[in-house]
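Shown here: coords22.tsv, TSV, C-alpha atoms and all ligand atoms.
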chain	number	residue	atom	x	y	z
U	1	ALA	CA	0.00	0.00	0.00
U	2	ASP	CA	0.94	3.67	-0.35
U	3	GLN	CA	2.92	4.53	2.78
U	4	LYS	CA	3.65	8.07	1.69
U	5	VAL	CA	3.65	10.76	4.40
U	6	TYR	CA	1.74	13.88	3.38
U	7	GLN	CA	2.43	17.00	5.44
U	8	ALA	CA	1.91	20.75	5.79
U	9	SER	CA	2.95	23.40	8.34
U	10	THR	CA	1.71	26.77	9.52
U	11	THR	CA	1.97	29.20	12.43
U	12	ALA	CA	-0.78	31.05	14.31
U	13	PRO	CA	-0.36	33.97	16.71
U	14	VAL	CA	-1.65	34.50	20.24
U	15	ASN	CA	-4.51	37.00	20.48
U	16	ILE	CA	-5.47	39.02	23.55
U	17	ALA	CA	-9.08	40.17	23.82
U	18	VAL	CA	-9.92	43.82	24.40
U	19	VAL	CA	-13.65	43.03	24.43
U	20	LYS	CA	-13.88	39.76	26.33
U	21	TYR	CA	-15.58	36.49	25.48
U	22	TRP	CA	-17.01	35.11	28.70
U	23	GLY	CA	-20.09	32.89	28.59
U	24	LYS	CA	-21.36	30.15	26.27
U	25	ARG	CA	-24.91	29.88	25.01
U	26	ASP	CA	-24.03	26.45	23.59
U	27	ALA	CA	-21.18	24.61	25.33
U	28	LYS	CA	-20.90	21.85	22.73
U	29	LEU	CA	-20.48	24.20	19.75
U	30	ASN	CA	-18.66	26.92	21.78
U	31	LEU	CA	-21.26	29.53	20.84
U	32	PRO	CA	-20.74	32.69	22.93
U	33	THR	CA	-23.25	34.84	24.77
U	34	ASN	CA	-21.58	37.98	23.37
U	35	SER	CA	-19.31	39.13	20.57
U	36	SER	CA	-15.65	39.97	21.29
U	37	VAL	CA	-12.64	41.80	19.82
U	38	SER	CA	-8.95	40.96	20.05
U	39	VAL	CA	-5.57	42.26	19.05
U	40	THR	CA	-3.23	39.68	17.55
U	41	LEU	CA	0.26	39.75	19.03
U	42	SER	CA	3.52	39.58	17.11
U	43	GLN	CA	4.29	36.13	15.73
U	44	ALA	CA	7.93	36.82	16.52
U	45	ASP	CA	6.98	36.98	20.18
U	46	LEU	CA	4.15	34.55	20.71
U	47	ARG	CA	2.95	31.92	18.29
U	48	THR	CA	2.34	28.22	17.80
U	49	HIS	CA	4.05	26.42	14.92
U	50	THR	CA	2.24	23.27	13.83
U	51	THR	CA	2.92	20.52	11.31
U	52	ALA	CA	0.09	18.20	10.34
U	53	ALA	CA	0.91	14.91	8.64
U	54	CYS	CA	-1.09	11.88	7.56
U	55	SER	CA	-0.07	8.48	6.28
U	56	SER	CA	-1.35	4.93	6.11
U	57	SER	CA	1.81	4.02	8.06
U	58	PHE	CA	0.47	5.84	11.15
U	59	THR	CA	-1.68	3.76	13.46
U	60	GLU	CA	-3.80	6.42	15.18
U	61	ASP	CA	-4.36	10.17	15.49
U	62	THR	CA	-1.67	11.76	17.70
U	63	LEU	CA	-0.77	15.25	18.93
U	64	LEU	CA	2.59	16.34	20.37
U	65	LEU	CA	2.81	19.76	22.03
U	66	ASN	CA	6.33	20.91	22.93
U	67	SER	CA	7.40	17.26	22.69
U	68	SER	CA	4.80	15.98	25.11
U	69	SER	CA	1.97	13.73	24.00
U	70	GLN	CA	-1.55	15.20	24.31
U	71	ASP	CA	-4.94	13.52	24.54
U	72	VAL	CA	-6.81	13.87	21.25
U	73	SER	CA	-9.93	12.01	22.36
U	74	GLY	CA	-11.62	15.08	23.89
U	75	PRO	CA	-14.71	16.46	22.14
U	76	ARG	CA	-13.00	19.76	21.13
U	77	THR	CA	-10.12	18.19	19.21
U	78	GLN	CA	-12.44	15.52	17.81
U	79	ALA	CA	-14.83	18.19	16.51
U	80	CYS	CA	-11.98	19.90	14.63
U	81	PHE	CA	-10.71	16.62	13.15
U	82	ARG	CA	-14.22	15.56	12.14
U	83	GLU	CA	-15.10	18.86	10.40
U	84	LEU	CA	-11.82	19.02	8.49
U	85	ARG	CA	-12.01	15.35	7.44
U	86	SER	CA	-15.53	15.78	6.15
U	87	LEU	CA	-14.48	18.80	4.05
U	88	ARG	CA	-11.61	16.74	2.64
U	89	ALA	CA	-13.93	13.78	1.99
U	90	ALA	CA	-16.25	16.05	-0.01
U	91	LEU	CA	-13.27	17.23	-2.11
U	92	GLU	CA	-12.18	13.64	-2.72
U	93	GLU	CA	-15.69	12.68	-3.76
U	94	SER	CA	-15.91	15.46	-6.32
U	95	ASN	CA	-12.37	14.78	-7.58
U	96	PRO	CA	-11.60	11.02	-7.56
U	97	SER	CA	-7.99	11.58	-8.68
U	98	LEU	CA	-7.13	13.14	-5.28
U	99	PRO	CA	-5.34	10.90	-2.75
U	100	LYS	CA	-7.72	9.63	-0.06
U	101	LEU	CA	-6.29	11.54	2.89
U	102	SER	CA	-9.55	11.93	4.78
U	103	THR	CA	-9.43	8.38	6.16
U	104	LEU	CA	-5.72	8.35	7.16
U	105	PRO	CA	-4.52	8.78	10.76
U	106	LEU	CA	-3.23	12.29	11.56
U	107	ARG	CA	0.03	13.13	13.30
U	108	ILE	CA	0.13	16.71	14.64
U	109	VAL	CA	3.32	18.28	16.04
U	110	SER	CA	3.09	21.71	17.71
U	111	GLU	CA	5.67	24.02	19.28
U	112	ASN	CA	5.11	27.28	21.11
U	113	ASN	CA	7.90	29.87	20.77
U	114	PHE	CA	7.20	31.18	24.26
U	115	PRO	CA	7.88	29.37	27.52
U	116	THR	CA	4.93	27.19	28.46
U	117	ALA	CA	5.82	28.10	32.02
U	118	ALA	CA	4.78	31.67	31.28
U	119	GLY	CA	1.24	30.68	32.11
U	120	LEU	CA	-0.08	32.43	29.02
U	121	ALA	CA	-3.22	31.08	27.45
U	122	SER	CA	-2.00	29.20	24.42
U	123	SER	CA	-5.15	27.36	23.38
U	124	ALA	CA	-6.10	30.16	20.98
U	125	ALA	CA	-2.91	29.96	18.93
U	126	GLY	CA	-2.84	26.18	19.40
U	127	PHE	CA	-6.24	25.38	17.90
U	128	ALA	CA	-5.90	28.03	15.18
U	129	ALA	CA	-2.60	26.52	14.05
U	130	LEU	CA	-3.94	22.96	14.29
U	131	VAL	CA	-6.96	23.75	12.13
U	132	ARG	CA	-4.99	25.67	9.49
U	133	ALA	CA	-2.21	23.06	9.33
U	134	ILE	CA	-4.76	20.31	8.62
U	135	ALA	CA	-6.64	22.54	6.16
U	136	ASN	CA	-3.34	23.11	4.33
U	137	LEU	CA	-2.55	19.39	4.39
U	138	TYR	CA	-5.99	18.66	2.89
U	139	GLU	CA	-5.65	21.57	0.43
U	140	LEU	CA	-9.05	22.89	1.44
U	141	PRO	CA	-10.19	26.05	-0.35
U	142	SER	CA	-11.47	27.47	2.96
U	143	SER	CA	-11.21	31.18	3.85
U	144	PRO	CA	-9.90	32.32	7.27
U	145	THR	CA	-13.50	32.97	8.31
U	146	ASP	CA	-14.46	29.40	7.26
U	147	LEU	CA	-11.57	28.03	9.32
U	148	SER	CA	-12.54	30.27	12.26
U	149	ARG	CA	-15.88	28.43	12.40
U	150	ILE	CA	-13.98	25.17	12.92
U	151	ALA	CA	-11.27	26.52	15.27
U	152	ARG	CA	-14.02	28.01	17.46
U	153	GLN	CA	-15.10	24.48	18.31
U	154	GLY	CA	-11.60	23.73	19.62
U	155	SER	CA	-11.38	26.83	21.83
U	156	GLY	CA	-13.67	29.83	21.45
U	157	SER	CA	-10.89	32.40	21.42
U	158	ALA	CA	-9.00	30.36	18.78
U	159	CYS	CA	-11.35	31.59	16.06
U	160	ARG	CA	-9.80	35.06	16.39
U	161	SER	CA	-6.23	33.76	15.82
U	162	LEU	CA	-7.00	32.94	12.16
U	163	PHE	CA	-6.47	36.64	11.42
U	164	GLY	CA	-3.67	39.06	12.24
U	165	GLY	CA	-4.32	42.58	13.49
U	166	TYR	CA	-7.69	43.64	14.89
U	167	VAL	CA	-10.32	40.93	14.86
U	168	ALA	CA	-13.98	40.64	15.84
U	169	TRP	CA	-15.71	37.38	16.72
U	170	GLN	CA	-19.33	37.90	15.81
U	171	MET	CA	-21.44	35.89	18.22
U	172	GLY	CA	-24.00	35.03	15.53
U	173	TRP	CA	-27.60	34.03	16.15
U	174	LYS	CA	-28.05	30.67	14.49
U	175	ALA	CA	-28.36	27.52	16.59
U	176	ASP	CA	-25.95	25.58	14.34
U	177	GLY	CA	-23.16	28.15	14.86
U	178	SER	CA	-22.70	28.76	11.14
U	179	ASP	CA	-22.68	32.55	11.66
U	180	SER	CA	-20.47	32.53	14.80
U	181	VAL	CA	-17.20	33.43	13.07
U	182	ALA	CA	-14.21	35.77	13.17
U	183	VAL	CA	-13.82	38.72	10.79
U	184	GLU	CA	-11.04	41.25	10.35
U	185	ILE	CA	-11.71	44.78	11.63
U	186	ALA	CA	-8.35	46.06	10.37
U	187	PRO	CA	-4.97	44.50	9.54
U	188	ALA	CA	-2.00	45.07	11.88
U	189	SER	CA	-0.56	47.57	9.36
U	190	HIS	CA	-3.56	49.84	9.94
U	191	TRP	CA	-2.21	50.83	13.38
U	192	PRO	CA	1.50	49.95	13.26
U	193	THR	CA	2.46	51.95	16.35
U	194	MET	CA	0.44	49.69	18.68
U	195	ARG	CA	2.56	47.83	21.25
U	196	ALA	CA	1.75	45.19	23.84
U	197	LEU	CA	3.73	44.33	26.91
U	198	ILE	CA	3.08	41.22	28.94
U	199	LEU	CA	3.76	41.14	32.67
U	200	VAL	CA	4.16	37.58	33.78
U	201	VAL	CA	2.78	37.81	37.30
U	202	SER	CA	2.55	34.07	37.76
U	203	ALA	CA	3.68	31.15	35.65
U	204	GLU	CA	1.28	28.78	37.36
U	205	LYS	CA	-1.66	27.26	35.57
U	206	LYS	CA	-4.94	29.11	36.14
U	207	GLY	CA	-7.08	27.95	39.03
U	208	VAL	CA	-10.46	27.77	37.29
U	209	SER	CA	-10.51	26.81	33.61
U	210	SER	CA	-12.27	29.22	31.28
U	211	THR	CA	-14.85	26.60	30.31
U	212	SER	CA	-15.97	25.77	33.83
U	213	GLY	CA	-15.61	29.39	35.00
U	214	MET	CA	-17.91	30.61	32.23
U	215	GLN	CA	-20.55	28.01	32.99
U	216	ILE	CA	-20.69	28.95	36.69
U	217	THR	CA	-20.76	32.67	35.86
U	218	VAL	CA	-23.63	32.24	33.39
U	219	GLY	CA	-25.51	30.17	35.94
U	220	THR	CA	-25.07	32.36	39.01
U	221	SER	CA	-24.08	35.97	38.24
U	222	GLY	CA	-26.75	38.66	38.08
U	223	LEU	CA	-24.25	41.14	36.65
U	224	PHE	CA	-23.51	38.77	33.81
U	225	GLN	CA	-26.80	39.23	31.96
U	226	ARG	CA	-26.48	42.99	32.03
U	227	ARG	CA	-22.92	42.69	30.73
U	228	ALA	CA	-23.91	40.43	27.83
U	229	GLU	CA	-27.01	42.39	26.83
U	230	ILE	CA	-26.05	46.01	27.47
U	231	VAL	CA	-22.38	46.54	28.36
U	232	VAL	CA	-20.71	44.43	25.65
U	233	PRO	CA	-22.82	45.64	22.68
U	234	LYS	CA	-21.90	49.22	23.67
U	235	HIS	CA	-18.22	48.32	24.07
U	236	MET	CA	-18.20	46.46	20.72
U	237	ALA	CA	-19.40	49.57	18.88
U	238	GLU	CA	-16.99	51.85	20.75
U	239	MET	CA	-14.04	49.50	20.23
U	240	GLU	CA	-14.55	49.07	16.49
U	241	LYS	CA	-14.79	52.84	16.09
U	242	ALA	CA	-11.67	53.42	18.24
U	243	ILE	CA	-9.68	50.94	16.15
U	244	LEU	CA	-10.84	52.32	12.81
U	245	GLU	CA	-10.02	55.87	13.97
U	246	LYS	CA	-6.77	54.83	15.73
U	247	ASP	CA	-8.07	56.64	18.81
U	248	PHE	CA	-5.90	55.30	21.65
U	249	GLN	CA	-7.80	57.19	24.37
U	250	ALA	CA	-11.04	55.46	23.40
U	251	PHE	CA	-9.28	52.13	22.75
U	252	GLY	CA	-7.60	52.23	26.15
U	253	LYS	CA	-10.69	53.27	28.06
U	254	VAL	CA	-12.85	50.48	26.60
U	255	THR	CA	-10.03	47.93	27.04
U	256	MET	CA	-9.70	48.70	30.76
U	257	MET	CA	-13.46	48.95	31.40
U	258	GLU	CA	-13.95	45.63	29.58
U	259	SER	CA	-11.33	43.87	31.69
U	260	ASN	CA	-12.88	45.31	34.85
U	261	SER	CA	-16.40	44.33	33.76
U	262	PHE	CA	-15.32	40.77	33.01
U	263	HIS	CA	-13.51	40.41	36.36
U	264	ALA	CA	-16.52	41.95	38.14
U	265	THR	CA	-18.73	39.16	36.77
U	266	CYS	CA	-16.12	36.68	38.00
U	267	LEU	CA	-16.38	38.16	41.50
U	268	ASP	CA	-20.18	38.09	41.13
U	269	THR	CA	-20.02	34.37	40.30
U	270	PHE	CA	-20.99	32.09	43.18
U	271	PRO	CA	-18.71	30.78	44.55
U	272	PRO	CA	-16.58	33.75	43.40
U	273	ILE	CA	-13.72	33.37	40.93
U	274	PHE	CA	-10.55	35.39	41.61
U	275	TYR	CA	-8.21	35.63	38.65
U	276	LEU	CA	-6.43	38.84	39.72
U	277	ASN	CA	-3.99	38.81	42.61
U	278	ASP	CA	-2.19	41.54	44.57
U	279	VAL	CA	0.49	41.94	41.88
U	280	SER	CA	-2.21	42.26	39.20
U	281	ARG	CA	-3.85	45.01	41.22
U	282	ALA	CA	-0.48	46.71	41.71
U	283	ALA	CA	-0.04	46.71	37.91
U	284	ILE	CA	-3.48	48.34	37.54
U	285	ARG	CA	-2.42	51.06	39.98
U	286	VAL	CA	0.84	51.71	38.12
U	287	VAL	CA	-1.10	52.08	34.86
U	288	GLU	CA	-3.50	54.47	36.62
U	289	ASP	CA	-0.48	56.50	37.83
U	290	ILE	CA	1.04	56.56	34.34
U	291	ASN	CA	-2.20	57.87	32.84
U	292	ARG	CA	-2.70	60.44	35.60
U	293	GLU	CA	0.85	61.68	35.08
U	294	ALA	CA	0.30	61.94	31.31
U	295	GLY	CA	-3.06	63.66	31.76
U	296	LYS	CA	-4.61	61.21	29.30
U	297	ILE	CA	-4.84	57.51	28.61
U	298	ILE	CA	-1.53	56.31	27.16
U	299	ALA	CA	-1.54	52.80	28.68
U	300	ALA	CA	-4.30	50.22	29.00
U	301	TYR	CA	-4.28	47.01	31.03
U	302	THR	CA	-6.25	43.86	30.41
U	303	PHE	CA	-6.35	40.47	32.16
U	304	ASP	CA	-7.74	37.13	31.00
U	305	ALA	CA	-8.49	34.09	33.13
U	306	GLY	CA	-5.33	34.53	35.21
U	307	PRO	CA	-3.20	37.15	36.97
U	308	ASN	CA	-0.87	38.10	34.08
U	309	ALA	CA	-1.30	41.63	32.72
U	310	VAL	CA	-1.18	42.68	29.09
U	311	ILE	CA	-0.52	46.40	28.72
U	312	TYR	CA	-1.28	48.11	25.41
U	313	TYR	CA	0.36	51.44	24.50
U	314	GLU	CA	1.66	53.34	21.47
U	315	GLU	CA	5.30	53.31	20.44
U	316	LYS	CA	5.82	57.01	21.16
U	317	ASP	CA	4.92	56.37	24.81
U	318	THR	CA	7.33	53.47	25.30
U	319	GLU	CA	9.47	55.26	27.88
U	320	ALA	CA	6.51	56.64	29.82
U	321	VAL	CA	4.80	53.23	29.88
U	322	ALA	CA	7.32	50.39	29.58
U	323	GLY	CA	10.02	52.40	31.37
U	324	VAL	CA	7.80	53.18	34.34
U	325	LEU	CA	6.35	49.67	34.55
U	326	ASN	CA	9.88	48.32	34.45
U	327	GLY	CA	10.89	50.57	37.33
U	328	ALA	CA	7.85	49.70	39.41
U	329	LEU	CA	7.50	46.00	38.65
U	330	GLY	CA	10.85	45.21	37.04
U	331	ASN	CA	11.47	42.13	39.11
U	332	LEU	CA	8.88	40.26	37.04
U	333	ASP	CA	9.48	38.37	33.82
U	334	GLY	CA	7.98	39.88	30.74
U	335	TRP	CA	7.77	40.05	27.00
U	336	GLN	CA	7.47	43.37	25.27
U	337	SER	CA	6.10	43.26	21.79
U	338	ARG	CA	7.72	46.02	19.75
U	339	ASN	CA	5.03	45.73	17.19
U	340	ILE	CA	2.00	43.52	17.10
U	341	LYS	CA	3.20	42.18	13.77
U	342	ALA	CA	6.96	42.50	14.02
U	343	GLN	CA	10.00	41.72	16.03
U	344	SER	CA	10.56	40.64	19.57
U	345	THR	CA	12.62	42.33	22.23
U	346	SER	CA	13.66	41.14	25.64
U	347	ALA	CA	11.23	43.32	27.44
U	348	LEU	CA	11.30	44.68	30.89
U	349	ASP	CA	14.94	44.17	31.69
U	350	ALA	CA	15.99	47.00	29.38
L	401	LIG	O1	-11.15	30.37	24.46
L	401	LIG	P1	-11.22	30.09	25.91
L	401	LIG	O2	-12.27	29.07	26.22
L	401	LIG	O3	-9.90	29.75	26.51
L	401	LIG	O4	-11.73	31.42	26.65
L	401	LIG	C1	-11.01	32.63	26.65
L	401	LIG	C2	-11.59	33.59	27.63
L	401	LIG	C3	-10.81	34.89	27.84
L	401	LIG	O5	-9.45	34.73	27.49
L	401	LIG	C4	-10.88	35.26	29.31
L	401	LIG	C5	-11.41	36.06	27.04
L	401	LIG	C6	-11.16	36.07	25.57
L	401	LIG	O6	-12.01	36.64	24.86
L	401	LIG	O7	-10.12	35.59	25.10
Rewrite the structure of this file - the entire thing - as structure tokens.
Ligand code: PMV
Amino acid sequence: ADQKVYQASTTAPVNIAVVKYWGKRDAKLNLPTNSSVSVTLSQADLRTHTTAACSSSFTEDTLLLNSSSQDVSGPRTQACFRELRSLRAALEESNPSLPKLSTLPLRIVSENNFPTAAGLASSAAGFAALVRAIANLYELPSSPTDLSRIARQGSGSACRSLFGGYVAWQMGWKADGSDSVAVEIAPASHWPTMRALILVVSAEKKGVSSTSGMQITVGTSGLFQRRAEIVVPKHMAEMEKAILEKDFQAFGKVTMMESNSFHATCLDTFPPIFYLNDVSRAAIRVVEDINREAGKIIAAYTFDAGPNAVIYYEEKDTEAVAGVLNGALGNLDGWQSRNIKAQSTSALDA
């Protein structure tokens, strides 16, 4: 039999939300209760590189992440494999001369270019890279938005990592999830002076996973419904406008209010979920001081499901933001992204 190994590789970047996804209306399909917006970080700094291969010489589907074997039997990974295989099977049916890859075992090998110990959420880049690597292997004619529909089923936030730059995940309305996809608001080149700095407050794994945290929040928080129905739609409109107009004051204000609103619903969850710790709160105060000193918003913090801070600022304010944060919190590890689409620097230890 044909023992040929077919393979394809790709990379996908980490994205950090500035309007947060928190809450599922359908846990199986990863359909969110609200839309969200993210900024994609520099691939030089933070990305997953993935190679997908298939061959009749492989015995079963496997996934290696940073050289350690991962379970592929979970429903998220299975959903991605199933969707991609069925698209390939349809191609093979319409073109019988194509090799029958859809039935072969898959071997996926992924590497993150940032320390796993950094405690940074990597599932977004991970599932985005996995889905695109297999789509490339299968030579699917899918658009990034088509692939976002599949990656969403691996990890919600992964759908936004199919695009660079400024990305919206439209929650959609349909029960089958066909309209719950990512779209580009603007490419990274639209706002090339944007910078992101990551303060690694803790390298430990988060206490409450996003999936279970969201479910308890949706089930118990009274603030949550108001956030999903009133606060987020307002923030979505303001954020898209701020990005299109490159208005950092508006971008920063919504980013910080969004982070605070999300963490308020975590506190309003019962039992409460605490993702921020004392160092996180110290970072918030330093950013407040920086903005007070500047007389306007030149730095904006945001936190996901953990204590690490991501600080957005513009290049011209590097000294006033990164310099001051370095002085105040310089004993922490950190990665400073010089440009959300360009090169990496060793960050806080200037
Ligand atoms: O994609 P998940 O299930 O890991 O959830 C991500 C949730 C947040 O990072 C807190 C917010 C977001 O929009 O990325």
* **Exercise answer, 9 Å around ligand LIG 401 (chain L) with all atoms listed in the file, as a PyMOL selection string** => chain U and resi 15-23+30+35-38+121-124+152+154-160+169+209-211+214+259+262+303-306
Once you have the residues from the selection above, write them out as an mmCIF file, in the coordinates of the input, restricted to C-alpha atoms.
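This is the output file part.cif:
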data_model
loop_
_atom_site.group_PDB
_atom_site.id
_atom_site.type_symbol
_atom_site.label_atom_id
_atom_site.label_comp_id
_atom_site.auth_asym_id
_atom_site.auth_seq_id
_atom_site.Cartn_x
_atom_site.Cartn_y
_atom_site.Cartn_z
ATOM 1 C CA ASN U 15 -4.510 37.000 20.480
ATOM 2 C CA ILE U 16 -5.470 39.020 23.550
ATOM 3 C CA ALA U 17 -9.080 40.170 23.820
ATOM 4 C CA VAL U 18 -9.920 43.820 24.400
ATOM 5 C CA VAL U 19 -13.650 43.030 24.430
ATOM 6 C CA LYS U 20 -13.880 39.760 26.330
ATOM 7 C CA TYR U 21 -15.580 36.490 25.480
ATOM 8 C CA TRP U 22 -17.010 35.110 28.700
ATOM 9 C CA GLY U 23 -20.090 32.890 28.590
ATOM 10 C CA ASN U 30 -18.660 26.920 21.780
ATOM 11 C CA SER U 35 -19.310 39.130 20.570
ATOM 12 C CA SER U 36 -15.650 39.970 21.290
ATOM 13 C CA VAL U 37 -12.640 41.800 19.820
ATOM 14 C CA SER U 38 -8.950 40.960 20.050
ATOM 15 C CA ALA U 121 -3.220 31.080 27.450
ATOM 16 C CA SER U 122 -2.000 29.200 24.420
ATOM 17 C CA SER U 123 -5.150 27.360 23.380
ATOM 18 C CA ALA U 124 -6.100 30.160 20.980
ATOM 19 C CA ARG U 152 -14.020 28.010 17.460
ATOM 20 C CA GLY U 154 -11.600 23.730 19.620
ATOM 21 C CA SER U 155 -11.380 26.830 21.830
ATOM 22 C CA GLY U 156 -13.670 29.830 21.450
ATOM 23 C CA SER U 157 -10.890 32.400 21.420
ATOM 24 C CA ALA U 158 -9.000 30.360 18.780
ATOM 25 C CA CYS U 159 -11.350 31.590 16.060
ATOM 26 C CA ARG U 160 -9.800 35.060 16.390
ATOM 27 C CA TRP U 169 -15.710 37.380 16.720
ATOM 28 C CA SER U 209 -10.510 26.810 33.610
ATOM 29 C CA SER U 210 -12.270 29.220 31.280
ATOM 30 C CA THR U 211 -14.850 26.600 30.310
ATOM 31 C CA MET U 214 -17.910 30.610 32.230
ATOM 32 C CA SER U 259 -11.330 43.870 31.690
ATOM 33 C CA PHE U 262 -15.320 40.770 33.010
ATOM 34 C CA PHE U 303 -6.350 40.470 32.160
ATOM 35 C CA ASP U 304 -7.740 37.130 31.000
ATOM 36 C CA ALA U 305 -8.490 34.090 33.130
ATOM 37 C CA GLY U 306 -5.330 34.530 35.210
#
* To do: Report the distance between atom CA of Val321 of chain U and atom CA of Val201 of chain U in Å, rounded to one decimal place.
  =>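 Computing the Euclidean distance for atom CA of Val321 of chain U and atom CA of Val201 of chain U yields 17.2 Å.
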* **d(atom CA of Tyr6 of chain U, atom CA of Tyr138 of chain U) in Å** =>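 Between these atoms lies a distance of 9.1 Å.
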* Two-atom distance - atom CA of Ala328 of chain U, atom CA of Ile198 of chain U (Å) -> 14.3 Å
* Asked: Looking at U:Trp173, U:Phe224, U:Phe127, U:Phe114, which one is nearest to Thr265 of chain U, with distances taken over all atoms listed in the file?
  ->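 Of U:Trp173, U:Phe224, U:Phe127, U:Phe114, the one nearest Thr265 of chain U, counting all atoms listed in the file, is U:Phe224.
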